[in-house]
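File shown here: start-v6.csv, holding CSV, C-alpha atoms and all ligand atoms.
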chain,number,residue,atom,x,y,z
A,1,MET,CA,16.8,-11.6,-0.8
A,2,THR,CA,13.4,-12.7,0.5
A,3,GLN,CA,11.1,-9.7,1.0
A,4,ASN,CA,8.9,-9.6,4.2
A,5,ILE,CA,5.3,-8.6,3.7
A,6,LEU,CA,3.3,-7.5,6.8
A,7,VAL,CA,-0.1,-9.2,6.5
A,8,VAL,CA,-2.3,-7.4,8.9
A,9,GLY,CA,-5.3,-9.7,9.6
A,10,GLY,CA,-3.4,-12.6,8.1
A,11,ALA,CA,-5.0,-15.2,10.4
A,12,GLY,CA,-8.4,-14.6,8.8
A,13,TYR,CA,-10.1,-16.2,5.8
A,14,VAL,CA,-8.7,-14.1,2.9
A,15,GLY,CA,-5.5,-13.1,4.7
A,16,SER,CA,-4.4,-16.6,5.3
A,17,HIS,CA,-4.9,-17.6,1.7
A,18,VAL,CA,-2.9,-14.6,0.7
A,19,SER,CA,-0.1,-15.6,3.1
A,20,LYS,CA,0.1,-19.0,1.4
A,21,ALA,CA,0.2,-17.4,-2.1
A,22,LEU,CA,2.9,-15.0,-0.9
A,23,ALA,CA,5.0,-17.8,0.4
A,24,GLY,CA,4.5,-19.7,-2.9
A,25,GLN,CA,5.9,-16.7,-4.7
A,26,GLY,CA,9.0,-16.4,-2.6
A,27,TYR,CA,7.9,-13.7,-0.1
A,28,LEU,CA,7.8,-14.2,3.7
A,29,PRO,CA,4.4,-13.3,5.1
A,30,VAL,CA,4.6,-11.8,8.6
A,31,VAL,CA,1.2,-12.0,10.1
A,32,PHE,CA,0.0,-9.3,12.5
A,33,ASP,CA,-3.3,-10.2,14.0
A,34,ASP,CA,-5.2,-9.9,17.3
A,35,LEU,CA,-6.8,-13.3,16.8
A,36,SER,CA,-10.2,-11.8,17.6
A,37,ALA,CA,-11.7,-13.3,14.4
A,38,GLY,CA,-8.6,-15.1,12.9
A,39,HIS,CA,-7.1,-18.4,14.0
A,40,GLU,CA,-3.6,-19.3,15.0
A,41,TRP,CA,-3.8,-22.5,13.0
A,42,ALA,CA,-4.3,-20.4,9.8
A,43,VAL,CA,-0.8,-18.9,10.2
A,44,GLN,CA,1.4,-21.5,8.6
A,45,TRP,CA,3.8,-19.7,6.2
A,46,GLY,CA,5.7,-17.2,8.5
A,47,PRO,CA,5.8,-15.6,11.9
A,48,LEU,CA,2.8,-14.4,13.8
A,49,GLU,CA,2.9,-11.2,15.8
A,50,VAL,CA,-0.1,-10.9,18.0
A,51,GLY,CA,-1.3,-7.4,18.5
A,52,ARG,CA,-4.2,-5.0,18.0
A,53,LEU,CA,-4.2,-2.6,15.1
A,54,ALA,CA,-5.1,0.2,17.5
A,55,ASP,CA,-2.0,-0.5,19.6
A,56,ARG,CA,0.5,1.8,17.9
A,57,ASP,CA,3.5,0.6,19.9
A,58,THR,CA,3.1,-3.1,19.1
A,59,LEU,CA,2.5,-2.3,15.5
A,60,ARG,CA,5.6,-0.1,15.4
A,61,MET,CA,7.7,-2.8,17.0
A,62,ALA,CA,6.5,-5.4,14.5
A,63,MET,CA,7.4,-3.1,11.6
A,64,GLU,CA,10.9,-2.3,13.1
A,65,LYS,CA,11.6,-6.0,13.7
A,66,HIS,CA,10.5,-7.3,10.3
A,67,ARG,CA,11.2,-4.3,8.0
A,68,PRO,CA,8.4,-5.2,5.5
A,69,ALA,CA,8.7,-4.1,1.9
A,70,ALA,CA,4.9,-3.6,1.9
A,71,VAL,CA,1.8,-4.0,4.0
A,72,MET,CA,-1.4,-5.9,3.1
A,73,HIS,CA,-4.4,-5.0,5.2
A,74,PHE,CA,-7.2,-7.4,5.9
A,75,ALA,CA,-8.0,-6.6,9.5
A,76,GLY,CA,-11.6,-5.3,9.6
A,77,LEU,CA,-15.1,-6.1,10.6
A,78,ILE,CA,-17.2,-7.6,7.8
A,79,THR,CA,-20.8,-8.0,8.9
A,80,VAL,CA,-23.1,-5.6,7.2
A,81,GLY,CA,-26.1,-6.0,9.6
A,82,GLU,CA,-23.8,-5.5,12.6
A,83,SER,CA,-22.4,-2.3,11.0
A,84,VAL,CA,-26.0,-0.9,10.7
A,85,ALA,CA,-26.7,-1.8,14.4
A,86,ASP,CA,-23.3,-0.6,15.7
A,87,PRO,CA,-21.7,1.9,13.3
A,88,SER,CA,-19.4,3.3,16.0
A,89,LYS,CA,-17.6,0.0,16.2
A,90,TYR,CA,-17.2,-0.2,12.4
A,91,TYR,CA,-15.9,3.4,11.9
A,92,ARG,CA,-13.5,2.9,14.8
A,93,HIS,CA,-12.1,-0.5,13.7
A,94,ASN,CA,-12.2,-0.1,10.0
A,95,VAL,CA,-11.3,3.6,9.6
A,96,ILE,CA,-9.6,4.9,12.7
A,97,ASP,CA,-7.5,1.8,13.2
A,98,THR,CA,-6.5,1.9,9.6
A,99,LEU,CA,-5.3,5.5,10.1
A,100,VAL,CA,-3.0,4.2,12.9
A,101,LEU,CA,-1.7,1.6,10.5
A,102,LEU,CA,-1.0,4.2,7.8
A,103,ASP,CA,0.7,6.6,10.2
A,104,VAL,CA,2.9,3.9,11.6
A,105,MET,CA,3.8,2.9,8.0
A,106,ARG,CA,4.7,6.5,7.3
A,107,GLU,CA,7.0,6.7,10.4
A,108,ALA,CA,8.7,3.5,9.4
A,109,GLY,CA,9.1,4.7,5.8
A,110,ILE,CA,7.0,1.9,4.3
A,111,LYS,CA,5.3,3.2,1.2
A,112,LYS,CA,3.3,0.4,-0.3
A,113,ILE,CA,-0.1,-1.1,0.8
A,114,VAL,CA,-2.7,-3.5,-0.7
A,115,PHE,CA,-6.1,-2.9,0.9
A,116,SER,CA,-9.0,-5.3,1.2
A,117,SER,CA,-12.0,-3.3,-0.1
A,118,SER,CA,-15.4,-4.5,-1.2
A,119,ALA,CA,-18.1,-4.3,-3.8
A,120,ALA,CA,-20.1,-2.7,-0.9
A,121,VAL,CA,-18.6,0.6,-2.0
A,122,TYR,CA,-20.9,0.7,-5.0
A,123,GLY,CA,-24.3,0.3,-3.2
A,124,ALA,CA,-27.2,-0.6,-5.3
A,125,PRO,CA,-25.9,-1.1,-8.9
A,126,GLU,CA,-27.1,1.1,-11.7
A,127,THR,CA,-25.5,-1.1,-14.3
A,128,THR,CA,-24.4,-4.7,-14.4
A,129,PRO,CA,-21.6,-5.9,-14.6
A,130,ILE,CA,-20.2,-3.1,-12.4
A,131,PRO,CA,-17.1,-1.4,-13.6
A,132,GLU,CA,-14.8,0.6,-11.2
A,133,ASN,CA,-16.1,3.9,-12.4
A,134,HIS,CA,-19.6,3.1,-11.4
A,135,PRO,CA,-21.0,5.7,-8.8
A,136,LEU,CA,-19.9,5.0,-5.3
A,137,CYS,CA,-22.9,5.1,-3.0
A,138,PRO,CA,-22.7,2.6,-0.1
A,139,THR,CA,-25.9,1.6,1.5
A,140,ASN,CA,-24.5,0.6,4.9
A,141,PRO,CA,-21.8,1.7,7.4
A,142,TYR,CA,-19.6,-1.3,6.4
A,143,GLY,CA,-19.5,-0.1,2.8
A,144,GLU,CA,-18.9,3.5,4.0
A,145,THR,CA,-15.9,2.4,6.0
A,146,LYS,CA,-14.3,0.7,2.9
A,147,LEU,CA,-15.0,3.7,0.8
A,148,MET,CA,-13.5,6.1,3.4
A,149,VAL,CA,-10.3,4.1,3.5
A,150,GLU,CA,-10.1,4.1,-0.3
A,151,ARG,CA,-10.4,7.9,-0.2
A,152,ILE,CA,-7.8,8.2,2.6
A,153,LEU,CA,-5.4,6.1,0.5
A,154,HIS,CA,-6.0,8.4,-2.4
A,155,ASP,CA,-5.2,11.5,-0.3
A,156,TYR,CA,-2.1,9.7,1.2
A,157,ALA,CA,-0.8,9.0,-2.3
A,158,VAL,CA,-1.0,12.6,-3.2
A,159,ALA,CA,0.4,14.0,0.1
A,160,TYR,CA,2.7,11.4,1.4
A,161,ASP,CA,3.6,9.2,-1.6
A,162,ILE,CA,2.0,6.1,-0.1
A,163,GLN,CA,1.3,3.8,-3.0
A,164,SER,CA,-1.8,1.7,-2.7
A,165,VAL,CA,-4.0,-0.8,-4.5
A,166,SER,CA,-7.5,-1.3,-3.2
A,167,LEU,CA,-9.1,-4.6,-4.2
A,168,ARG,CA,-12.9,-4.6,-4.3
A,169,TYR,CA,-13.9,-8.2,-3.7
A,170,PHE,CA,-17.3,-9.5,-4.8
A,171,ASN,CA,-18.2,-12.7,-3.0
A,172,ALA,CA,-15.2,-14.6,-1.7
A,173,ALA,CA,-15.8,-18.3,-1.8
A,174,GLY,CA,-14.2,-21.7,-1.7
A,175,ALA,CA,-11.1,-22.8,0.2
A,176,ASP,CA,-7.4,-23.7,-0.4
A,177,PRO,CA,-7.5,-26.6,-2.9
A,178,ASP,CA,-4.9,-28.4,-0.7
A,179,ILE,CA,-7.3,-28.0,2.2
A,180,GLU,CA,-4.7,-26.6,4.5
A,181,ILE,CA,-6.9,-23.6,5.3
A,182,GLY,CA,-10.4,-22.4,4.7
A,183,GLU,CA,-13.3,-20.3,5.9
A,184,ALA,CA,-14.1,-20.4,9.6
A,185,HIS,CA,-16.2,-17.4,10.7
A,186,ASP,CA,-18.0,-17.3,14.0
A,187,PRO,CA,-20.8,-16.7,13.6
A,188,GLU,CA,-20.9,-17.8,9.9
A,189,THR,CA,-23.2,-15.6,7.8
A,190,HIS,CA,-22.0,-16.4,4.3
A,191,LEU,CA,-24.2,-18.4,1.9
A,192,ILE,CA,-21.9,-21.2,0.7
A,193,PRO,CA,-20.6,-22.4,4.1
A,194,LEU,CA,-24.1,-22.2,5.5
A,195,VAL,CA,-25.5,-24.3,2.7
A,196,LEU,CA,-22.8,-26.8,3.1
A,197,GLU,CA,-23.5,-27.0,6.9
A,198,ALA,CA,-27.1,-27.8,6.0
A,199,ALA,CA,-25.8,-30.6,3.7
A,200,LEU,CA,-23.6,-32.0,6.4
A,201,GLY,CA,-26.4,-31.9,8.9
A,202,THR,CA,-24.8,-29.5,11.4
A,203,ARG,CA,-27.4,-27.0,10.4
A,204,GLU,CA,-31.1,-27.8,10.0
A,205,GLU,CA,-31.8,-25.9,6.9
A,206,ILE,CA,-30.8,-23.0,4.7
A,207,LYS,CA,-33.1,-20.0,4.5
A,208,ILE,CA,-33.3,-18.2,1.2
A,209,PHE,CA,-33.5,-14.5,1.9
A,210,GLY,CA,-36.1,-13.4,-0.6
A,211,THR,CA,-37.5,-15.2,-3.7
A,212,ASP,CA,-39.3,-12.2,-5.1
A,213,TYR,CA,-36.3,-10.4,-6.6
A,214,PRO,CA,-36.4,-9.4,-10.3
A,215,THR,CA,-34.1,-12.2,-11.3
A,216,HIS,CA,-34.7,-15.4,-13.4
A,217,ASP,CA,-35.6,-17.5,-10.3
A,218,GLY,CA,-36.5,-14.7,-7.9
A,219,SER,CA,-33.4,-15.2,-5.6
A,220,CYS,CA,-30.4,-12.8,-5.4
A,221,ILE,CA,-27.5,-13.2,-7.9
A,222,ARG,CA,-23.9,-12.8,-6.7
A,223,ASP,CA,-20.5,-13.1,-8.3
A,224,TYR,CA,-18.5,-15.8,-6.4
A,225,VAL,CA,-14.8,-15.6,-6.7
A,226,HIS,CA,-12.4,-18.3,-5.3
A,227,VAL,CA,-10.4,-17.2,-2.3
A,228,SER,CA,-7.2,-18.6,-3.9
A,229,ASP,CA,-7.9,-16.5,-7.0
A,230,LEU,CA,-8.3,-13.4,-4.7
A,231,ALA,CA,-5.0,-14.4,-3.1
A,232,ASP,CA,-3.3,-14.5,-6.5
A,233,ALA,CA,-4.6,-11.0,-7.3
A,234,HIS,CA,-3.0,-9.7,-4.1
A,235,VAL,CA,0.4,-11.0,-5.1
A,236,ALA,CA,-0.2,-9.5,-8.6
A,237,ALA,CA,-1.0,-6.2,-6.9
A,238,LEU,CA,2.2,-6.3,-4.9
A,239,LYS,CA,4.2,-6.8,-8.1
A,240,TYR,CA,2.3,-4.0,-9.8
A,241,LEU,CA,3.2,-1.6,-7.0
A,242,ALA,CA,6.8,-2.7,-7.0
A,243,ASN,CA,7.1,-1.5,-10.6
A,244,LYS,CA,5.5,1.9,-9.9
A,245,GLU,CA,7.6,4.9,-9.2
A,246,ALA,CA,4.9,7.5,-9.3
A,247,SER,CA,2.3,7.9,-6.5
A,248,ILE,CA,-0.8,5.8,-7.1
A,249,ALA,CA,-4.0,4.7,-5.4
A,250,GLY,CA,-5.4,2.1,-7.8
A,251,VAL,CA,-8.8,0.4,-7.4
A,252,PHE,CA,-9.7,-3.0,-9.0
A,253,ASN,CA,-12.7,-5.2,-9.0
A,254,LEU,CA,-12.2,-8.9,-8.3
A,255,GLY,CA,-15.0,-11.1,-9.5
A,256,ASN,CA,-15.6,-13.6,-12.2
A,257,GLY,CA,-18.2,-11.6,-14.2
A,258,ALA,CA,-20.7,-14.5,-13.9
A,259,GLY,CA,-23.6,-14.4,-11.5
A,260,PHE,CA,-25.2,-17.3,-9.7
A,261,SER,CA,-28.5,-17.1,-7.8
A,262,VAL,CA,-29.0,-18.4,-4.2
A,263,LYS,CA,-31.1,-21.2,-5.6
A,264,GLU,CA,-28.4,-22.2,-8.1
A,265,VAL,CA,-25.8,-22.2,-5.3
A,266,ILE,CA,-28.0,-24.6,-3.3
A,267,ALA,CA,-28.6,-26.8,-6.4
A,268,THR,CA,-24.8,-26.9,-7.0
A,269,ALA,CA,-24.2,-27.8,-3.3
A,270,GLN,CA,-26.7,-30.7,-3.5
A,271,GLN,CA,-25.0,-32.0,-6.6
A,272,VAL,CA,-21.4,-31.6,-5.3
A,273,THR,CA,-22.1,-33.2,-1.9
A,274,GLY,CA,-24.7,-35.7,-3.0
A,275,TYR,CA,-26.9,-34.7,0.0
A,276,ASP,CA,-30.4,-33.3,0.1
A,277,ILE,CA,-30.5,-29.8,1.6
A,278,SER,CA,-33.6,-28.6,3.5
A,279,VAL,CA,-34.6,-25.2,2.2
A,280,SER,CA,-37.0,-22.6,3.5
A,281,VAL,CA,-38.0,-19.1,2.2
A,282,ALA,CA,-37.4,-16.1,4.5
A,283,ASP,CA,-37.9,-12.4,4.1
A,284,ARG,CA,-35.4,-10.4,2.2
A,285,ARG,CA,-32.3,-9.3,4.1
A,286,ALA,CA,-32.2,-5.5,4.4
A,287,GLY,CA,-29.9,-3.8,2.0
A,288,ASP,CA,-29.3,-6.8,-0.4
A,289,PRO,CA,-29.3,-5.7,-4.0
A,290,ALA,CA,-30.9,-8.2,-6.5
A,291,ILE,CA,-27.8,-8.6,-8.6
A,292,LEU,CA,-24.1,-7.9,-7.9
A,293,VAL,CA,-21.7,-8.9,-10.7
A,294,ALA,CA,-18.2,-7.5,-11.3
A,295,ASP,CA,-16.6,-6.2,-14.4
A,296,SER,CA,-13.0,-7.3,-13.6
A,297,THR,CA,-11.5,-6.4,-17.0
A,298,LYS,CA,-9.2,-3.9,-15.4
A,299,ALA,CA,-7.7,-6.4,-13.0
A,300,ARG,CA,-7.1,-8.9,-15.8
A,301,ALA,CA,-5.6,-6.3,-18.1
A,302,GLU,CA,-3.5,-4.2,-15.6
A,303,LEU,CA,-2.6,-6.7,-12.9
A,304,GLY,CA,-2.4,-9.6,-15.3
A,305,TRP,CA,-4.8,-11.5,-13.0
A,306,THR,CA,-6.1,-14.8,-14.4
A,307,PRO,CA,-8.5,-16.6,-12.1
A,308,ARG,CA,-7.9,-20.4,-11.9
A,309,PHE,CA,-11.1,-21.5,-10.3
A,310,GLU,CA,-14.0,-19.8,-12.0
A,311,SER,CA,-16.5,-22.6,-11.8
A,312,LEU,CA,-19.0,-22.5,-9.0
A,313,ASP,CA,-18.7,-26.4,-8.8
A,314,GLN,CA,-15.0,-26.1,-7.9
A,315,GLN,CA,-15.6,-23.4,-5.4
A,316,VAL,CA,-18.3,-25.3,-3.7
A,317,LEU,CA,-16.2,-28.6,-3.8
A,318,HIS,CA,-13.2,-26.9,-2.2
A,319,ALA,CA,-15.4,-25.4,0.5
A,320,TRP,CA,-17.0,-28.8,1.1
A,321,ASN,CA,-13.6,-30.5,1.3
A,322,TRP,CA,-12.6,-27.9,3.9
A,323,LEU,CA,-15.8,-28.1,5.9
A,324,LYS,CA,-15.4,-31.9,6.3
A,325,LYS,CA,-11.9,-31.4,7.6
A,326,SER,CA,-12.0,-28.1,9.4
A,327,PRO,CA,-11.0,-27.7,13.1
B,1,LIG,N1,-28.2,-15.6,1.7
B,1,LIG,C1,-29.3,-16.4,1.9
B,1,LIG,N2,-29.4,-17.1,3.0
B,1,LIG,C2,-28.4,-17.1,4.0
B,1,LIG,C3,-27.2,-16.3,3.7
B,1,LIG,C4,-27.2,-15.6,2.6
B,1,LIG,O1,-30.2,-16.4,1.1
B,1,LIG,O2,-28.5,-17.8,5.0
B,1,LIG,C5,-28.1,-14.8,0.4
B,1,LIG,C6,-27.9,-13.3,0.6
B,1,LIG,O3,-29.2,-12.7,0.8
B,1,LIG,C7,-27.2,-12.9,-0.6
B,1,LIG,C8,-26.4,-14.1,-1.0
B,1,LIG,O4,-27.0,-15.2,-0.3
B,1,LIG,O5,-28.1,-12.7,-1.7
B,1,LIG,C9,-24.9,-14.0,-0.6
B,1,LIG,O6,-24.9,-13.6,0.8
B,1,LIG,P1,-23.5,-13.6,1.6
B,1,LIG,O7,-23.9,-13.2,3.1
B,1,LIG,O8,-22.8,-14.9,1.5
B,1,LIG,O9,-22.6,-12.5,1.0
B,1,LIG,P2,-22.9,-10.9,0.6
B,1,LIG,O10,-23.5,-10.9,-0.8
B,1,LIG,O11,-23.9,-10.4,1.6
B,1,LIG,O12,-21.6,-10.3,0.6

Let me see the file written as C-alpha cells.
Ligand code: UDP
Amino acid sequence: MTQNILVVGGAGYVGSHVSKALAGQGYLPVVFDDLSAGHEWAVQWGPLEVGRLADRDTLRMAMEKHRPAAVMHFAGLITVGESVADPSKYYRHNVIDTLVLLDVMREAGIKKIVFSSSAAVYGAPETTPIPENHPLCPTNPYGETKLMVERILHDYAVAYDIQSVSLRYFNAAGADPDIEIGEAHDPETHLIPLVLEAALGTREEIKIFGTDYPTHDGSCIRDYVHVSDLADAHVAALKYLANKEASIAGVFNLGNGAGFSVKEVIATAQQVTGYDISVSVADRRAGDPAILVADSTKARAELGWTPRFESLDQQVLHAWNWLKKSP
C-alpha cells in the first residue's frame, strides 16, 4: 500500500525536490504549506493542503485526513541576516511552530520525522571537513533555531519515542535535472542563482563578499550539494527510520566534501553559460566563515546515500537550465 508522507514546507526549494523523489520511490507526498515562500506550481506529485504551521487545527485535520506514516519538515525561515535583525520572528517560526508540529504528531500517533537542519549549527569551523561531532556553536539566530530543534528532537526521542533524523545541509544547489522544478526565492540571496542572473542579464553584476579570506584565492569556500542529491538523502533517511525500532534522534551532514570558492563558482558559471559575468568586490558579509566543507562519511555509510551530481558544472548547468525556463 502506498504510504503517505506529510511534507511540511513541500512547496519550497528543497521540499519540492524531496516530494518528487518520494513519488519516484512509490510514496505519496502530501504537501502542507502556507505558500508564504513556496509556490503552488512546485506541488506536482500529490495533494496540497494550504495552512500555517502555527495553526494547530488545520495541521491536525491534514494529519487526520491523510494519516501519514512520517513527517518531513522543511517549513522555516532561512535568511541569516534577517535572523540577526529580527530574532523574534526566527525563534517563533522555526522553534515554536515546530513544537506545534511535534505536538500534533504526538496526538495523531505519528512517530517519525525527518528534519531540515543546517551546517549553521556548527558556527565557525575548528576543523575541516566538519564531522557531526564537531562542537555546536551557531553564530546567528538562524543556526540557533536549527540547533534548538535538533535538541528538542533528541528529548522527544527519549521521552515520547518520536524517532527523527536531522539532516545538516551544506549549500543546496542546482535544480531538478528534468527542469520541472527549481530554486525560486524572493528575494534571492544565494550565490549560484545570483551569479546566473548576472549571466542572463537580469542582474547587473555579482558582488563577491570579501576577497581577503585565508583561502587560495581570497574568496569564501563552500560545499555545494545538488538539491536532487539532498532529496535522495531524505528518502534514504525515511527508509532508515522505517527499519528502526528503538528511539533515535540521528544527525547527518549532507555535502560533497569538496569546497569551491566564490571565484571558482563565477568562473564555472561563465564557462557553463558562455556569457561574461560582471563582478565587483564588496565587504565581507557578517558571520561568513572562510571555509565550510562537510564530512558526509556518516550519511554515506549509515543511510547508504550516494550523491549523483557531485560536479559543480552539473549543479550550475541544472540551475542555469531552470533559470532560463523558470516562471
Ligand atoms: N556570496 C557572495 N555574493 C553574493 C551571495 C553570496 O559572494 O551575492 C558568497 C557568500 O559570502 C558565501 C557564498 O557566496 O561565501 C555562499 O553564500 P550563500 O548565501 O549562497 O550560502 P550560505 O553559505 O550563506 O549558506

Checklist outcome for this item: If you count only C-alpha atoms, the residue of A:Ala198, A:Leu323, A:Ala231, A:Val272 closest to Ser19 in chain A turns out to be A:Ala231

Give me the residues of chain A that have any atom at most 8 Å from an atom of ligand LIG 1 (chain B); for each, the nearest atom pair and the distance in Å, rounded to one decimal. Use all atoms listed in the file, sort by chain and number, and format it as CSV.
residue,atom,partner,partner_atom,distance
A:Val80,CA,B:LIG1,O11,7.4
A:Ala120,CA,B:LIG1,O12,7.9
A:Phe170,CA,B:LIG1,O12,6.9
A:Asn171,CA,B:LIG1,O12,5.5
A:Thr189,CA,B:LIG1,O7,5.3
A:His190,CA,B:LIG1,O8,3.3
A:Leu191,CA,B:LIG1,O8,3.8
A:Ile192,CA,B:LIG1,O8,6.4
A:Leu194,CA,B:LIG1,O2,6.2
A:Val195,CA,B:LIG1,O2,7.5
A:Ile206,CA,B:LIG1,O2,5.7
A:Lys207,CA,B:LIG1,N2,4.9
A:Ile208,CA,B:LIG1,O1,3.6
A:Phe209,CA,B:LIG1,O1,3.9
A:Gly210,CA,B:LIG1,O1,6.8
A:Ser219,CA,B:LIG1,O5,7.0
A:Cys220,CA,B:LIG1,O5,4.4
A:Ile221,CA,B:LIG1,O5,6.2
A:Arg222,CA,B:LIG1,O10,6.2
A:Ser261,CA,B:LIG1,O5,7.5
A:Val262,CA,B:LIG1,O4,5.4
A:Ala282,CA,B:LIG1,O1,8.0
A:Arg284,CA,B:LIG1,O3,6.8
A:Arg285,CA,B:LIG1,O3,5.7
A:Asp288,CA,B:LIG1,O3,6.0
A:Pro289,CA,B:LIG1,O5,7.5
A:Ala290,CA,B:LIG1,O5,7.2
A:Leu292,CA,B:LIG1,O10,7.7

Item to check | Selection: 7 Å around range 46-59 of chain A, all atoms listed in the file, excl. self and same-chain fewer than 4 positions, as a ChimeraX atom specification | outcome: /A:28-34,63,97,100-101

Checklist entry - Is there a way to get, as a ChimeraX atom specification, all residues within 12 Å of the point (-7.2, -15.4, -4.6) in file coordinates, counting all atoms listed in the file? => result /A:13-22,116,167,169-177,224-237,254-256,305-310,315

Checklist entry - Hey, which of A:Val279, A:Ala124, A:Ile113, A:Ala249 ends up closest to Val293 in chain A? Count all atoms listed in the file. => result A:Ala124

Next on the checklist: Please return as an MDAnalysis selection string every residue within 12 Å of (-20.1, -27.3, -7.5), taking into account all atoms listed in the file and the file's own coordinates.
Outcome noted: chainID A and resid 173:174 192 195:196 224 260 264:274 309:321

Could the residues in this selection be saved with C-alpha atoms as a short mmCIF file (atom, residue, chain, number, x, y, z; two decimals), in the frame of the given file?
data_model
loop_
_atom_site.label_atom_id
_atom_site.label_comp_id
_atom_site.auth_asym_id
_atom_site.auth_seq_id
_atom_site.Cartn_x
_atom_site.Cartn_y
_atom_site.Cartn_z
CA ALA A 173 -15.80 -18.30 -1.80
CA GLY A 174 -14.20 -21.70 -1.70
CA ILE A 192 -21.90 -21.20 0.70
CA VAL A 195 -25.50 -24.30 2.70
CA LEU A 196 -22.80 -26.80 3.10
CA TYR A 224 -18.50 -15.80 -6.40
CA PHE A 260 -25.20 -17.30 -9.70
CA GLU A 264 -28.40 -22.20 -8.10
CA VAL A 265 -25.80 -22.20 -5.30
CA ILE A 266 -28.00 -24.60 -3.30
CA ALA A 267 -28.60 -26.80 -6.40
CA THR A 268 -24.80 -26.90 -7.00
CA ALA A 269 -24.20 -27.80 -3.30
CA GLN A 270 -26.70 -30.70 -3.50
CA GLN A 271 -25.00 -32.00 -6.60
CA VAL A 272 -21.40 -31.60 -5.30
CA THR A 273 -22.10 -33.20 -1.90
CA GLY A 274 -24.70 -35.70 -3.00
CA PHE A 309 -11.10 -21.50 -10.30
CA GLU A 310 -14.00 -19.80 -12.00
CA SER A 311 -16.50 -22.60 -11.80
CA LEU A 312 -19.00 -22.50 -9.00
CA ASP A 313 -18.70 -26.40 -8.80
CA GLN A 314 -15.00 -26.10 -7.90
CA GLN A 315 -15.60 -23.40 -5.40
CA VAL A 316 -18.30 -25.30 -3.70
CA LEU A 317 -16.20 -28.60 -3.80
CA HIS A 318 -13.20 -26.90 -2.20
CA ALA A 319 -15.40 -25.40 0.50
CA TRP A 320 -17.00 -28.80 1.10
CA ASN A 321 -13.60 -30.50 1.30
#

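CA of Pro68 in chain A is positioned 25.6 Å from CA of Asn253 in chain A.
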
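Distances here use all atoms listed in the file; by that measure, the residue among A:His216, A:Lys263, A:His134, A:Lys112 closest to Lys239 in chain A is A:Lys112.
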
Next on the checklist: Set the distance at 6 Å and use all atoms listed in the file: which residues neighbour Gly123 in chain A once local chain neighbours fewer than 2 positions away are removed? I'd like the list as a list in words.
Outcome noted: Ala120, Val121, Cys137, Pro138 and Thr139 of chain A

Next on the checklist: Just the number, please: distance in Å from CA of Thr127 in chain A to CA of Pro214 in chain A, one decimal.
Outcome noted: 14.3 Å

Please, can range 141-155 of chain A be completed to N, CA and C atoms and returned as a PDB file, in the coordinates of the input?
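Contents of the output file result-v4.pdb:
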ATOM      1  N   PRO A 141     -23.036   1.193   6.784  1.00  0.00           N
ATOM      2  CA  PRO A 141     -21.800   1.700   7.400  1.00  0.00           C
ATOM      3  C   PRO A 141     -20.564   0.832   6.961  1.00  0.00           C
ATOM      4  N   TYR A 142     -20.748  -0.475   6.821  1.00  0.00           N
ATOM      5  CA  TYR A 142     -19.600  -1.300   6.400  1.00  0.00           C
ATOM      6  C   TYR A 142     -19.036  -0.803   5.068  1.00  0.00           C
ATOM      7  N   GLY A 143     -19.907  -0.613   4.080  1.00  0.00           N
ATOM      8  CA  GLY A 143     -19.500  -0.100   2.800  1.00  0.00           C
ATOM      9  C   GLY A 143     -18.862   1.286   2.883  1.00  0.00           C
ATOM     10  N   GLU A 144     -19.458   2.115   3.755  1.00  0.00           N
ATOM     11  CA  GLU A 144     -18.900   3.500   4.000  1.00  0.00           C
ATOM     12  C   GLU A 144     -17.483   3.400   4.470  1.00  0.00           C
ATOM     13  N   THR A 145     -17.224   2.466   5.404  1.00  0.00           N
ATOM     14  CA  THR A 145     -15.900   2.400   6.000  1.00  0.00           C
ATOM     15  C   THR A 145     -14.853   2.012   4.892  1.00  0.00           C
ATOM     16  N   LYS A 146     -15.251   1.101   4.008  1.00  0.00           N
ATOM     17  CA  LYS A 146     -14.300   0.700   2.900  1.00  0.00           C
ATOM     18  C   LYS A 146     -14.064   1.837   1.978  1.00  0.00           C
ATOM     19  N   LEU A 147     -15.114   2.587   1.668  1.00  0.00           N
ATOM     20  CA  LEU A 147     -15.000   3.700   0.800  1.00  0.00           C
ATOM     21  C   LEU A 147     -14.111   4.819   1.413  1.00  0.00           C
ATOM     22  N   MET A 148     -14.326   5.049   2.705  1.00  0.00           N
ATOM     23  CA  MET A 148     -13.500   6.100   3.400  1.00  0.00           C
ATOM     24  C   MET A 148     -12.040   5.729   3.333  1.00  0.00           C
ATOM     25  N   VAL A 149     -11.724   4.463   3.570  1.00  0.00           N
ATOM     26  CA  VAL A 149     -10.300   4.100   3.500  1.00  0.00           C
ATOM     27  C   VAL A 149      -9.761   4.254   2.107  1.00  0.00           C
ATOM     28  N   GLU A 150     -10.539   3.897   1.104  1.00  0.00           N
ATOM     29  CA  GLU A 150     -10.100   4.100  -0.300  1.00  0.00           C
ATOM     30  C   GLU A 150      -9.763   5.608  -0.496  1.00  0.00           C
ATOM     31  N   ARG A 151     -10.622   6.475   0.034  1.00  0.00           N
ATOM     32  CA  ARG A 151     -10.400   7.900  -0.200  1.00  0.00           C
ATOM     33  C   ARG A 151      -9.195   8.402   0.618  1.00  0.00           C
ATOM     34  N   ILE A 152      -9.014   7.855   1.807  1.00  0.00           N
ATOM     35  CA  ILE A 152      -7.800   8.200   2.600  1.00  0.00           C
ATOM     36  C   ILE A 152      -6.572   7.785   1.826  1.00  0.00           C
ATOM     37  N   LEU A 153      -6.623   6.591   1.249  1.00  0.00           N
ATOM     38  CA  LEU A 153      -5.400   6.100   0.500  1.00  0.00           C
ATOM     39  C   LEU A 153      -5.166   7.014  -0.698  1.00  0.00           C
ATOM     40  N   HIS A 154      -6.211   7.498  -1.323  1.00  0.00           N
ATOM     41  CA  HIS A 154      -6.000   8.400  -2.400  1.00  0.00           C
ATOM     42  C   HIS A 154      -5.301   9.690  -1.942  1.00  0.00           C
ATOM     43  N   ASP A 155      -5.765  10.249  -0.835  1.00  0.00           N
ATOM     44  CA  ASP A 155      -5.200  11.500  -0.300  1.00  0.00           C
ATOM     45  C   ASP A 155      -3.724  11.228   0.182  1.00  0.00           C
TER      46      ASP A 155
END
